[in-house]
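One file, final17.tsv, is given below (TSV, C-alpha atoms).
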```tsv
chain	number	residue	atom	x	y	z
K	249	MET	CA	62.16	-113.22	304.56
K	250	ASN	CA	65.85	-113.49	304.86
K	251	ARG	CA	68.10	-110.48	304.94
K	252	ALA	CA	69.63	-111.09	301.49
K	253	LEU	CA	66.22	-111.28	299.82
K	254	THR	CA	65.09	-108.08	301.54
K	255	ALA	CA	68.16	-106.27	300.23
K	256	THR	CA	67.54	-107.55	296.70
K	257	LEU	CA	63.91	-106.44	296.75
K	258	LEU	CA	64.85	-103.02	298.08
K	259	ALA	CA	67.48	-102.64	295.36
K	260	ALA	CA	64.92	-103.69	292.70
K	261	ALA	CA	62.45	-101.14	294.08
K	262	PHE	CA	65.09	-98.39	293.78
K	263	VAL	CA	65.76	-99.35	290.15
K	264	ALA	CA	62.06	-99.64	289.29
K	265	THR	CA	61.18	-96.23	290.72
K	266	GLY	CA	64.29	-94.51	289.47
K	267	CYS	CA	65.28	-93.69	293.03
K	268	ALA	CA	68.84	-93.86	294.14
K	269	PRO	CA	70.30	-93.45	297.56
K	270	LYS	CA	70.46	-89.72	298.12
K	271	GLN	CA	73.90	-88.23	297.76
K	272	ALA	CA	75.18	-84.98	299.11
K	273	GLU	CA	74.27	-82.04	296.84
K	274	PRO	CA	77.37	-80.74	295.03
K	275	THR	CA	78.51	-77.44	296.42
K	276	ALA	CA	80.25	-74.61	294.59
K	277	ALA	CA	83.50	-75.95	296.02
K	278	THR	CA	83.05	-79.52	294.79
K	279	GLN	CA	81.22	-78.88	291.51
K	280	PRO	CA	83.51	-77.82	288.68
K	281	ALA	CA	82.07	-74.91	286.70
K	282	PHE	CA	82.98	-76.66	283.47
K	283	ASP	CA	84.55	-79.84	282.15
K	284	PRO	CA	88.14	-78.87	281.25
K	285	LYS	CA	88.28	-81.59	278.61
K	286	ASP	CA	85.02	-80.74	276.88
K	287	PHE	CA	85.58	-78.82	273.65
K	288	SER	CA	82.41	-80.13	272.06
K	289	GLY	CA	79.87	-77.71	270.68
K	290	THR	CA	79.79	-74.66	268.44
K	291	TRP	CA	82.16	-71.76	268.80
K	292	ASP	CA	82.81	-68.30	267.42
K	293	ARG	CA	86.17	-66.63	267.25
K	294	TYR	CA	86.74	-64.19	270.08
K	295	PRO	CA	86.41	-61.27	270.04
K	296	LEU	CA	83.79	-61.22	267.34
K	297	SER	CA	82.66	-58.02	265.65
K	298	THR	CA	79.60	-59.32	263.83
K	299	GLU	CA	76.39	-57.65	264.90
K	300	ASN	CA	74.16	-59.58	267.28
K	301	SER	CA	77.20	-61.59	268.37
K	302	GLY	CA	76.16	-61.31	271.98
K	303	GLN	CA	79.82	-61.20	272.96
K	304	ASP	CA	81.32	-59.00	275.60
K	305	PRO	CA	84.77	-58.27	274.15
K	306	THR	CA	86.17	-57.54	277.61
K	307	VAL	CA	85.35	-60.83	279.34
K	308	VAL	CA	88.65	-62.62	278.63
K	309	PRO	CA	91.89	-61.07	277.37
K	310	ARG	CA	91.95	-60.31	273.67
K	311	PRO	CA	94.68	-62.31	271.89
K	312	GLU	CA	97.65	-60.33	270.60
K	313	PRO	CA	97.75	-59.63	266.85
K	314	ILE	CA	99.38	-62.45	264.87
K	315	PRO	CA	103.01	-61.54	264.12
K	316	ALA	CA	104.49	-61.67	260.64
K	317	PRO	CA	105.98	-65.07	259.78
K	318	PRO	CA	109.66	-65.24	260.82
K	319	LEU	CA	110.82	-66.09	257.33
K	320	LYS	CA	114.46	-66.63	256.50
K	321	PRO	CA	115.97	-63.58	254.77
K	322	GLU	CA	115.95	-65.27	251.35
K	323	PHE	CA	112.14	-65.63	251.56
K	324	LYS	CA	111.30	-62.55	253.61
K	325	ALA	CA	112.05	-60.04	250.84
K	326	ALA	CA	109.58	-61.70	248.48
K	327	TRP	CA	106.95	-61.92	251.24
K	328	ASP	CA	107.41	-58.25	252.15
K	329	ALA	CA	107.10	-57.26	248.49
K	330	GLU	CA	103.91	-59.34	248.17
K	331	GLN	CA	102.37	-57.69	251.24
K	332	LYS	CA	103.25	-54.26	249.87
K	333	LYS	CA	101.62	-55.14	246.56
K	334	ILE	CA	98.44	-56.39	248.31
K	335	ASN	CA	98.22	-53.28	250.49
K	336	ALA	CA	98.80	-50.96	247.53
K	337	ALA	CA	96.13	-52.75	245.48
K	338	ASN	CA	93.64	-52.43	248.35
K	339	ALA	CA	94.49	-48.76	248.81
K	340	ALA	CA	93.90	-48.23	245.09
K	341	GLY	CA	90.50	-49.93	245.34
K	342	GLU	CA	91.60	-52.79	243.11
K	343	PRO	CA	92.13	-55.78	245.41
K	344	ILE	CA	94.07	-58.75	244.09
K	345	ALA	CA	92.01	-61.92	243.71
K	346	THR	CA	92.75	-64.61	246.30
K	347	GLY	CA	91.99	-68.30	246.69
K	348	TYR	CA	88.60	-67.33	248.08
K	349	THR	CA	87.78	-65.68	244.75
K	350	HIS	CA	88.16	-69.15	243.24
K	351	CYS	CA	86.12	-70.78	246.04
K	352	ILE	CA	89.24	-72.41	247.49
K	353	PRO	CA	88.83	-73.14	251.23
K	354	ASP	CA	91.29	-72.01	253.91
K	355	GLY	CA	92.92	-75.31	254.83
K	356	MET	CA	95.21	-75.42	257.86
K	357	PRO	CA	95.94	-73.51	259.92
K	358	ALA	CA	93.70	-70.72	258.52
K	359	MET	CA	90.42	-72.57	259.08
K	360	MET	CA	91.10	-72.41	262.83
K	361	MET	CA	90.92	-68.61	262.79
K	362	ALA	CA	87.16	-69.31	262.81
K	363	MET	CA	86.18	-66.53	260.50
K	364	PHE	CA	82.85	-68.35	260.57
K	365	PRO	CA	81.68	-70.57	263.44
K	366	ILE	CA	83.34	-73.91	264.11
K	367	GLU	CA	81.86	-77.09	265.54
K	368	VAL	CA	83.90	-79.55	267.62
K	369	LEU	CA	82.83	-83.20	267.88
K	370	GLN	CA	84.71	-85.36	270.37
K	371	THR	CA	84.78	-89.15	270.46
K	372	PRO	CA	87.37	-91.36	272.15
K	373	ARG	CA	89.02	-92.13	268.81
K	374	GLN	CA	88.93	-88.78	267.10
K	375	THR	CA	88.12	-85.12	267.41
K	376	THR	CA	86.46	-83.60	264.37
K	377	ILE	CA	86.45	-79.87	263.75
K	378	ILE	CA	84.09	-78.41	261.18
K	379	GLN	CA	84.45	-74.88	259.86
K	380	GLU	CA	81.15	-73.51	258.55
K	381	ALA	CA	82.82	-71.58	255.72
K	382	TYR	CA	83.35	-73.91	252.78
K	383	ASN	CA	82.13	-76.92	254.87
K	384	GLN	CA	85.73	-77.57	255.95
K	385	VAL	CA	86.39	-80.67	258.05
K	386	ARG	CA	89.55	-81.74	259.86
K	387	ARG	CA	89.91	-85.04	261.64
K	388	ILE	CA	92.30	-85.35	264.55
K	389	TYR	CA	92.99	-88.99	265.41
K	390	MET	CA	93.84	-89.63	269.05
K	391	ASN	CA	97.29	-91.01	269.83
K	392	ASP	CA	97.89	-91.74	266.16
K	393	THR	CA	101.28	-92.11	264.52
K	394	LEU	CA	101.85	-89.50	261.85
K	395	PRO	CA	103.45	-90.64	258.61
K	396	ALA	CA	107.00	-89.59	257.81
K	397	VAL	CA	107.02	-86.19	256.13
K	398	GLU	CA	108.03	-87.67	252.78
K	399	ASP	CA	105.12	-90.15	252.99
K	400	ALA	CA	102.47	-87.65	254.07
K	401	GLU	CA	100.06	-87.09	251.20
K	402	PRO	CA	99.61	-83.31	250.97
K	403	GLY	CA	96.15	-81.85	251.48
K	404	PHE	CA	94.28	-78.81	252.73
K	405	TRP	CA	93.89	-80.07	256.30
K	406	GLY	CA	96.77	-82.55	256.36
K	407	HIS	CA	97.22	-85.33	258.89
K	408	SER	CA	96.63	-84.69	262.56
K	409	THR	CA	97.22	-86.60	265.77
K	410	GLY	CA	95.95	-85.53	269.16
K	411	LYS	CA	96.75	-86.40	272.76
K	412	TRP	CA	96.01	-85.19	276.26
K	413	GLU	CA	98.68	-83.55	278.35
K	414	GLY	CA	96.79	-82.94	281.57
K	415	ASN	CA	93.80	-80.92	280.44
K	416	ASP	CA	95.59	-79.60	277.34
K	417	PHE	CA	94.50	-81.08	274.03
K	418	VAL	CA	97.75	-81.20	272.06
K	419	VAL	CA	97.56	-81.62	268.29
K	420	GLU	CA	100.27	-82.01	265.69
K	421	THR	CA	99.58	-81.59	261.97
K	422	ILE	CA	101.70	-82.24	258.89
K	423	GLY	CA	101.02	-82.73	255.18
K	424	ILE	CA	99.77	-79.31	254.10
K	425	LYS	CA	99.81	-78.60	250.36
K	426	ASP	CA	102.32	-76.07	249.15
K	427	ASN	CA	99.61	-73.75	247.80
K	428	VAL	CA	97.64	-73.79	251.07
K	429	ARG	CA	99.09	-70.75	252.79
K	430	PHE	CA	98.27	-68.79	255.89
K	431	ARG	CA	99.01	-65.08	255.57
K	432	ASN	CA	100.71	-65.83	252.26
K	433	ALA	CA	103.62	-67.47	254.07
K	434	PRO	CA	105.42	-70.02	251.92
K	435	HIS	CA	106.23	-73.35	253.55
K	436	SER	CA	107.81	-76.69	252.85
K	437	ALA	CA	106.50	-80.23	253.21
K	438	ALA	CA	108.36	-80.27	256.54
K	439	MET	CA	106.03	-77.67	258.07
K	440	ARG	CA	104.55	-78.82	261.38
K	441	ILE	CA	101.61	-77.11	263.05
K	442	HIS	CA	101.46	-77.60	266.81
K	443	GLU	CA	98.29	-76.66	268.64
K	444	ARG	CA	97.70	-76.64	272.37
K	445	MET	CA	94.01	-76.17	273.13
K	446	ARG	CA	92.79	-75.41	276.61
K	447	VAL	CA	89.31	-74.74	278.01
K	448	ILE	CA	89.73	-71.53	280.03
K	449	ASP	CA	86.21	-71.19	281.38
K	450	LYS	CA	82.79	-72.62	280.61
K	451	ASP	CA	82.39	-70.38	277.57
K	452	HIS	CA	85.91	-70.02	276.16
K	453	PHE	CA	88.83	-72.05	274.93
K	454	GLU	CA	92.18	-70.93	273.63
K	455	ASN	CA	94.47	-72.42	271.03
K	456	ASP	CA	98.20	-71.73	271.21
K	457	VAL	CA	99.49	-72.31	267.70
K	458	THR	CA	103.14	-72.85	266.83
K	459	VAL	CA	104.25	-73.34	263.24
K	460	GLU	CA	107.67	-74.81	262.63
K	461	ASP	CA	109.38	-75.13	259.29
K	462	PRO	CA	113.17	-75.55	259.30
K	463	GLU	CA	113.37	-74.79	255.59
K	464	TYR	CA	111.50	-71.48	255.58
K	465	LEU	CA	111.36	-70.12	259.13
K	466	THR	CA	114.14	-68.84	261.36
K	467	GLY	CA	112.23	-70.09	264.41
K	468	PRO	CA	108.74	-70.88	265.66
K	469	TRP	CA	105.85	-68.73	264.42
K	470	GLN	CA	103.47	-68.43	267.32
K	471	TRP	CA	100.10	-66.91	268.08
K	472	LYS	CA	96.96	-67.52	270.09
K	473	TRP	CA	93.37	-67.89	268.98
K	474	VAL	CA	90.48	-67.66	271.45
K	475	TYR	CA	86.97	-68.99	270.89
K	476	GLN	CA	83.68	-68.31	272.60
K	477	ARG	CA	80.87	-70.82	272.87
K	478	ARG	CA	77.86	-70.13	270.66
K	479	PRO	CA	75.24	-72.20	272.50
K	480	ASN	CA	72.55	-74.09	270.61
K	481	TYR	CA	73.87	-72.92	267.26
K	482	LYS	CA	73.12	-75.07	264.24
K	483	MET	CA	75.82	-74.82	261.59
K	484	TYR	CA	74.78	-73.69	258.13
K	485	GLU	CA	75.88	-75.49	255.00
K	486	TYR	CA	78.30	-73.66	252.72
K	487	VAL	CA	78.85	-74.67	249.14
K	488	CYS	CA	80.73	-72.00	247.24
K	489	GLU	CA	78.26	-72.34	244.41
K	490	ASP	CA	78.78	-69.29	242.22
K	491	ASN	CA	81.21	-66.57	243.14
K	492	ARG	CA	80.28	-63.51	241.18
K	493	GLU	CA	83.53	-61.96	242.25
K	494	TYR	CA	86.12	-63.23	239.82
K	495	ALA	CA	89.78	-62.76	238.96
K	496	ASP	CA	90.35	-60.57	235.93
K	497	PRO	CA	92.33	-62.87	233.62
K	498	VAL	CA	94.62	-60.02	232.53
K	499	THR	CA	95.28	-58.07	235.73
K	500	GLY	CA	94.57	-60.73	238.38
K	501	LYS	CA	92.45	-58.15	240.21
K	502	ALA	CA	89.13	-59.11	241.76
K	503	ARG	CA	86.10	-57.94	239.79
K	504	MET	CA	82.37	-58.32	240.28
K	505	ARG	CA	80.12	-59.82	237.64
K	506	ILE	CA	77.13	-57.61	236.97
K	507	ASN	CA	74.08	-59.49	235.74
K	508	LYS	CA	72.92	-57.73	232.60
K	509	ARG	CA	69.25	-57.32	231.90
I	20	MET	CA	87.93	-41.43	286.39
I	21	ILE	CA	84.20	-41.01	286.93
I	22	PRO	CA	82.14	-44.11	286.15
I	23	GLY	CA	80.22	-42.61	283.18
I	24	VAL	CA	83.41	-41.59	281.45
I	25	PHE	CA	84.95	-44.98	282.14
I	26	VAL	CA	81.95	-46.77	280.62
I	27	LYS	CA	82.10	-44.51	277.55
I	28	ALA	CA	85.85	-45.06	277.19
I	29	ARG	CA	85.39	-48.81	277.49
I	30	LEU	CA	82.57	-48.77	274.94
I	31	LEU	CA	84.67	-46.69	272.56
I	32	ALA	CA	87.59	-49.10	272.98
I	33	ALA	CA	85.28	-52.04	272.31
I	34	LEU	CA	83.81	-50.40	269.21
I	35	LEU	CA	87.23	-49.44	267.93
I	36	GLY	CA	88.44	-52.99	268.51
I	37	ALA	CA	85.38	-54.32	266.73
I	38	PHE	CA	86.08	-52.09	263.74
I	39	VAL	CA	89.68	-53.25	263.51
I	40	ALA	CA	88.58	-56.87	263.86
I	41	ALA	CA	85.89	-56.38	261.22
I	42	SER	CA	88.43	-55.00	258.80
I	43	ALA	CA	90.74	-57.92	259.39
I	44	GLN	CA	88.15	-60.66	259.46
I	45	ALA	CA	86.59	-60.89	256.04
I	46	HIS	CA	87.01	-63.53	253.41
I	47	HIS	CA	88.16	-60.93	250.96
I	48	SER	CA	88.90	-57.26	250.61
I	49	PHE	CA	85.95	-54.92	250.10
I	50	ALA	CA	88.28	-52.37	248.52
I	51	MET	CA	86.56	-52.58	245.13
I	52	PHE	CA	83.57	-50.83	246.73
I	53	ASP	CA	83.60	-47.13	247.66
I	54	SER	CA	82.43	-47.13	251.27
I	55	ASN	CA	83.19	-43.39	251.59
I	56	ASN	CA	80.59	-42.44	248.99
I	57	GLN	CA	77.61	-44.61	249.77
I	58	VAL	CA	74.39	-44.32	247.81
I	59	ARG	CA	70.75	-44.75	248.74
I	60	LEU	CA	68.80	-46.70	246.14
I	61	VAL	CA	65.03	-47.10	246.00
I	62	GLY	CA	63.73	-49.67	243.61
I	63	LYS	CA	62.09	-52.93	242.71
I	64	VAL	CA	63.64	-56.36	243.27
I	65	ALA	CA	64.16	-58.26	240.02
I	66	GLU	CA	65.84	-61.27	241.63
I	67	TYR	CA	66.97	-62.46	245.06
I	68	THR	CA	69.59	-65.21	244.98
I	69	TRP	CA	70.29	-66.96	248.27
I	70	GLN	CA	73.59	-68.76	247.80
I	71	ASN	CA	77.24	-68.90	248.82
I	72	PRO	CA	79.63	-67.24	248.82
I	73	HIS	CA	77.32	-64.20	248.46
I	74	VAL	CA	73.64	-63.50	248.41
I	75	TYR	CA	72.68	-61.14	245.58
I	76	ILE	CA	69.81	-58.78	245.04
I	77	GLU	CA	69.15	-57.64	241.50
I	78	LEU	CA	67.52	-54.24	241.77
I	79	GLU	CA	65.91	-51.84	239.29
I	80	ALA	CA	66.68	-48.39	240.67
I	81	ARG	CA	67.77	-44.91	239.69
I	82	ASP	CA	71.38	-43.90	240.21
I	83	PRO	CA	71.22	-40.90	242.55
I	84	ARG	CA	74.55	-39.72	241.11
I	85	ASP	CA	73.10	-39.53	237.62
I	86	PRO	CA	71.37	-36.19	236.91
I	87	LYS	CA	69.20	-37.82	234.23
I	88	GLY	CA	68.16	-40.36	236.84
I	89	LYS	CA	67.09	-43.17	234.56
I	90	VAL	CA	66.23	-46.50	236.11
I	91	GLN	CA	68.95	-49.07	235.62
I	92	HIS	CA	69.75	-52.57	236.72
I	93	TRP	CA	71.97	-53.00	239.77
I	94	SER	CA	73.64	-56.12	241.17
I	95	ILE	CA	73.86	-55.79	244.94
I	96	GLU	CA	76.32	-58.00	246.80
I	97	CYS	CA	75.28	-59.12	250.27
I	98	ALA	CA	77.12	-61.26	252.83
I	99	ASN	CA	76.62	-65.03	252.76
I	100	PRO	CA	73.57	-66.98	254.00
I	101	GLY	CA	75.31	-67.89	257.30
I	102	ILE	CA	76.22	-64.31	258.22
I	103	LEU	CA	72.83	-63.02	257.11
I	104	ASN	CA	70.96	-65.69	259.08
I	105	ARG	CA	72.99	-64.69	262.13
I	106	ALA	CA	72.06	-61.05	261.45
I	107	GLY	CA	68.36	-61.95	261.44
I	108	TRP	CA	67.70	-62.36	257.71
I	109	LYS	CA	65.66	-65.20	256.20
I	110	PHE	CA	66.11	-66.86	252.85
I	111	ASN	CA	62.55	-65.97	251.87
I	112	MET	CA	62.18	-62.48	253.33
I	113	ILE	CA	62.58	-60.74	249.95
I	114	LYS	CA	60.42	-61.45	246.92
I	115	LYS	CA	60.65	-60.49	243.28
I	116	GLY	CA	58.73	-57.27	242.81
I	117	ASP	CA	59.28	-56.00	246.36
I	118	GLU	CA	59.88	-52.26	246.64
I	119	ILE	CA	62.93	-51.87	248.85
I	120	THR	CA	65.34	-49.17	249.93
I	121	ILE	CA	69.01	-49.84	250.42
I	122	VAL	CA	72.21	-48.06	251.37
I	123	ALA	CA	75.19	-49.50	249.51
I	124	ALA	CA	78.81	-48.84	248.64
I	125	PRO	CA	79.03	-48.59	244.84
I	126	LEU	CA	81.76	-50.16	242.74
I	127	ARG	CA	84.66	-47.79	242.17
I	128	THR	CA	84.50	-48.66	238.46
I	129	ARG	CA	81.06	-46.93	238.32
I	130	GLU	CA	79.53	-50.12	236.95
I	131	PRO	CA	76.02	-50.65	238.42
I	132	GLY	CA	77.09	-52.92	241.24
I	133	ALA	CA	77.39	-52.29	244.97
I	134	LEU	CA	78.04	-53.80	248.38
I	135	LEU	CA	74.98	-53.68	250.64
I	136	LYS	CA	75.26	-51.78	253.91
I	137	GLN	CA	71.62	-51.68	255.00
I	138	ILE	CA	68.23	-52.70	253.64
I	139	LYS	CA	64.66	-51.61	254.41
I	140	LEU	CA	61.91	-54.04	253.47
I	141	PRO	CA	58.34	-53.14	252.38
I	142	ASP	CA	57.14	-53.92	255.93
I	143	GLY	CA	59.57	-51.37	257.37
I	144	ARG	CA	62.06	-53.79	258.87
I	145	ILE	CA	65.69	-52.73	258.55
I	146	PHE	CA	68.65	-55.14	258.41
I	147	GLY	CA	72.40	-54.71	258.18
I	148	ASN	CA	74.75	-56.81	256.07
I	149	GLY	CA	76.75	-58.40	258.90
I	150	GLY	CA	79.89	-57.08	260.59
I	151	PRO	CA	82.58	-57.48	257.92
I	152	ALA	CA	80.66	-55.46	255.29
I	153	GLY	CA	80.62	-52.46	257.62
I	154	PRO	CA	77.89	-50.01	258.60
I	155	PRO	CA	76.03	-47.41	256.52
I	156	ASN	CA	77.25	-43.82	256.68
I	157	ILE	CA	74.08	-42.28	255.24
I	158	SER	CA	70.52	-42.57	256.43
I	159	ILE	CA	68.32	-45.18	254.80
I	160	GLU	CA	65.37	-42.81	255.35
I	161	ASP	CA	66.64	-39.76	253.50
I	162	GLY	CA	70.20	-40.43	252.31
I	163	LYS	CA	71.65	-37.71	254.53
I	164	PRO	CA	75.00	-38.34	256.26
I	165	LEU	CA	74.70	-40.07	259.60
I	166	ALA	CA	76.22	-38.11	262.47
I	167	GLY	CA	79.56	-39.59	263.50
I	168	ALA	CA	79.42	-42.37	260.91
I	169	LYS	CA	82.59	-43.77	259.48
I	170	PRO	CA	82.81	-45.52	256.14
```
Will you turn the file into structure tokens for me?
Amino acid sequence: MNRALTATLLAAAFVATGCAPKQAEPTAATQPAFDPKDFSGTWDRYPLSTENSGQDPTVVPRPEPIPAPPLKPEFKAAWDAEQKKINAANAAGEPIATGYTHCIPDGMPAMMMAMFPIEVLQTPRQTTIIQEAYNQVRRIYMNDTLPAVEDAEPGFWGHSTGKWEGNDFVVETIGIKDNVRFRNAPHSAAMRIHERMRVIDKDHFENDVTVEDPEYLTGPWQWKWVYQRRPNYKMYEYVCEDNREYADPVTGKARMRINKR
Amino acid sequence: MIPGVFVKARLLAALLGAFVAASAQAHHSFAMFDSNNQVRLVGKVAEYTWQNPHVYIELEARDPRDPKGKVQHWSIECANPGILNRAGWKFNMIKKGDEITIVAAPLRTREPGALLKQIKLPDGRIFGNGGPAGPPNISIEDGKPLAGAKP
């Protein structure tokens, strides 16, 4: 048997038996503890208060509270007055109905606060993020060209493009409808949401959010969200089928429908 | 600082943080319900509706605040199926006709509606209503105030 044939037969035997030439076992030094580009899976916001969350709220730093939007003075007065009205209504036990009362989903950027779990699906062409509440879906197309602001059809989740900068997943979003508001902050069609997502350890990733809007904001509005992996979680469906909390047509306050017998 | 005190302080900080987060992280305000004056209701389930955005239990029970104590119909708001599943509930764990005990925050309007805080099933199992709805401040066993409970 010639040498070439022997080598071929040996190689075939390796394939047939599933054996492969033994490689050095990875050591703690060579084996990364996590894939820094892997955001896939299901995640909770962090820290999470819900019972049975299984979270240790001290394991990574808690993000700072989200600051008020840096609105230009001509818009800030109205926003301040609105906040005062909301707080007073809550204190009086008569909360004002919100979009949720009407089964309206968060849209962007609010869906990323992950009030309910989120699921991230990564493919080479797009990253898809699903928010369990209201079955919200956003699609982030990799290395896509965003339309010009005036051509961007407005929606709840807008138009998003993503790219890698090192291990940072950098996303830009435009095209958010005027009535889709985070923290009641008004915005223009020119609003841009920048997100920089980074896996910080095997169980956490962070999202540095910057909102820019030259028409409404004096400067960037920035905050951080942190997420913790919820392993093996299967997302529940969420159709806002019948909200028995409703907006009183006269006062605009939220009320609860009592089923009469 | 001695270790025991440190652990307690850390736990307190975590709980306090959790309470703040719970207050901030709900899909809507719970201000229409009076969490300071919770009631314990014992009654029979007329209907159990498992749907979003809220699960509801229709309950025939006396109003403990009513001296005449006649049985009336209550609508009890629970969290949503996702939160409740994560808190250990099941869509079929309550049946029409079940005798249950609950602790709930009644509507401030005094209409017979309330936000669930805790539920005890006929088999003795006790469940909460998820984090955002907040904990009970009275005992589900006897309605007496729970030591150290906050609304």
Point-to-point distance in Å for atom CA of K:Ala329 and atom CA of K:Glu342: 17.0 Å
Distance-based interface of chain I with chain K, 6 Å, counting only C-alpha atoms, as number ranges by chain: I: 37, 41, 50-51, 71-72, 94, 101, 149-150
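A straight line drawn from atom CA of I:Ala152 to atom CA of K:Ile378 is 23.9 Å long.
Put simply, atom CA of K:Val308 is 9.7 Å away from atom CA of K:Gln476.
Restricting the calculation to all atoms listed in the file, the smallest distance between K:Gln374 and any of K:Met360, K:Gly403, K:Asn391, K:Asp456 is found for K:Asn391.
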Set up a box along x, y and z of the file covering all listed atoms of stretch 429-438 of chain K, add 6 Å on every one of the six sides, and write the centre and edge lengths in Å to one decimal, as AutoDock Vina command-line options.
```
--center_x 103.3 --center_y -72.7 --center_z 254.2 --size_x 22.1 --size_y 27.2 --size_z 16.6
```
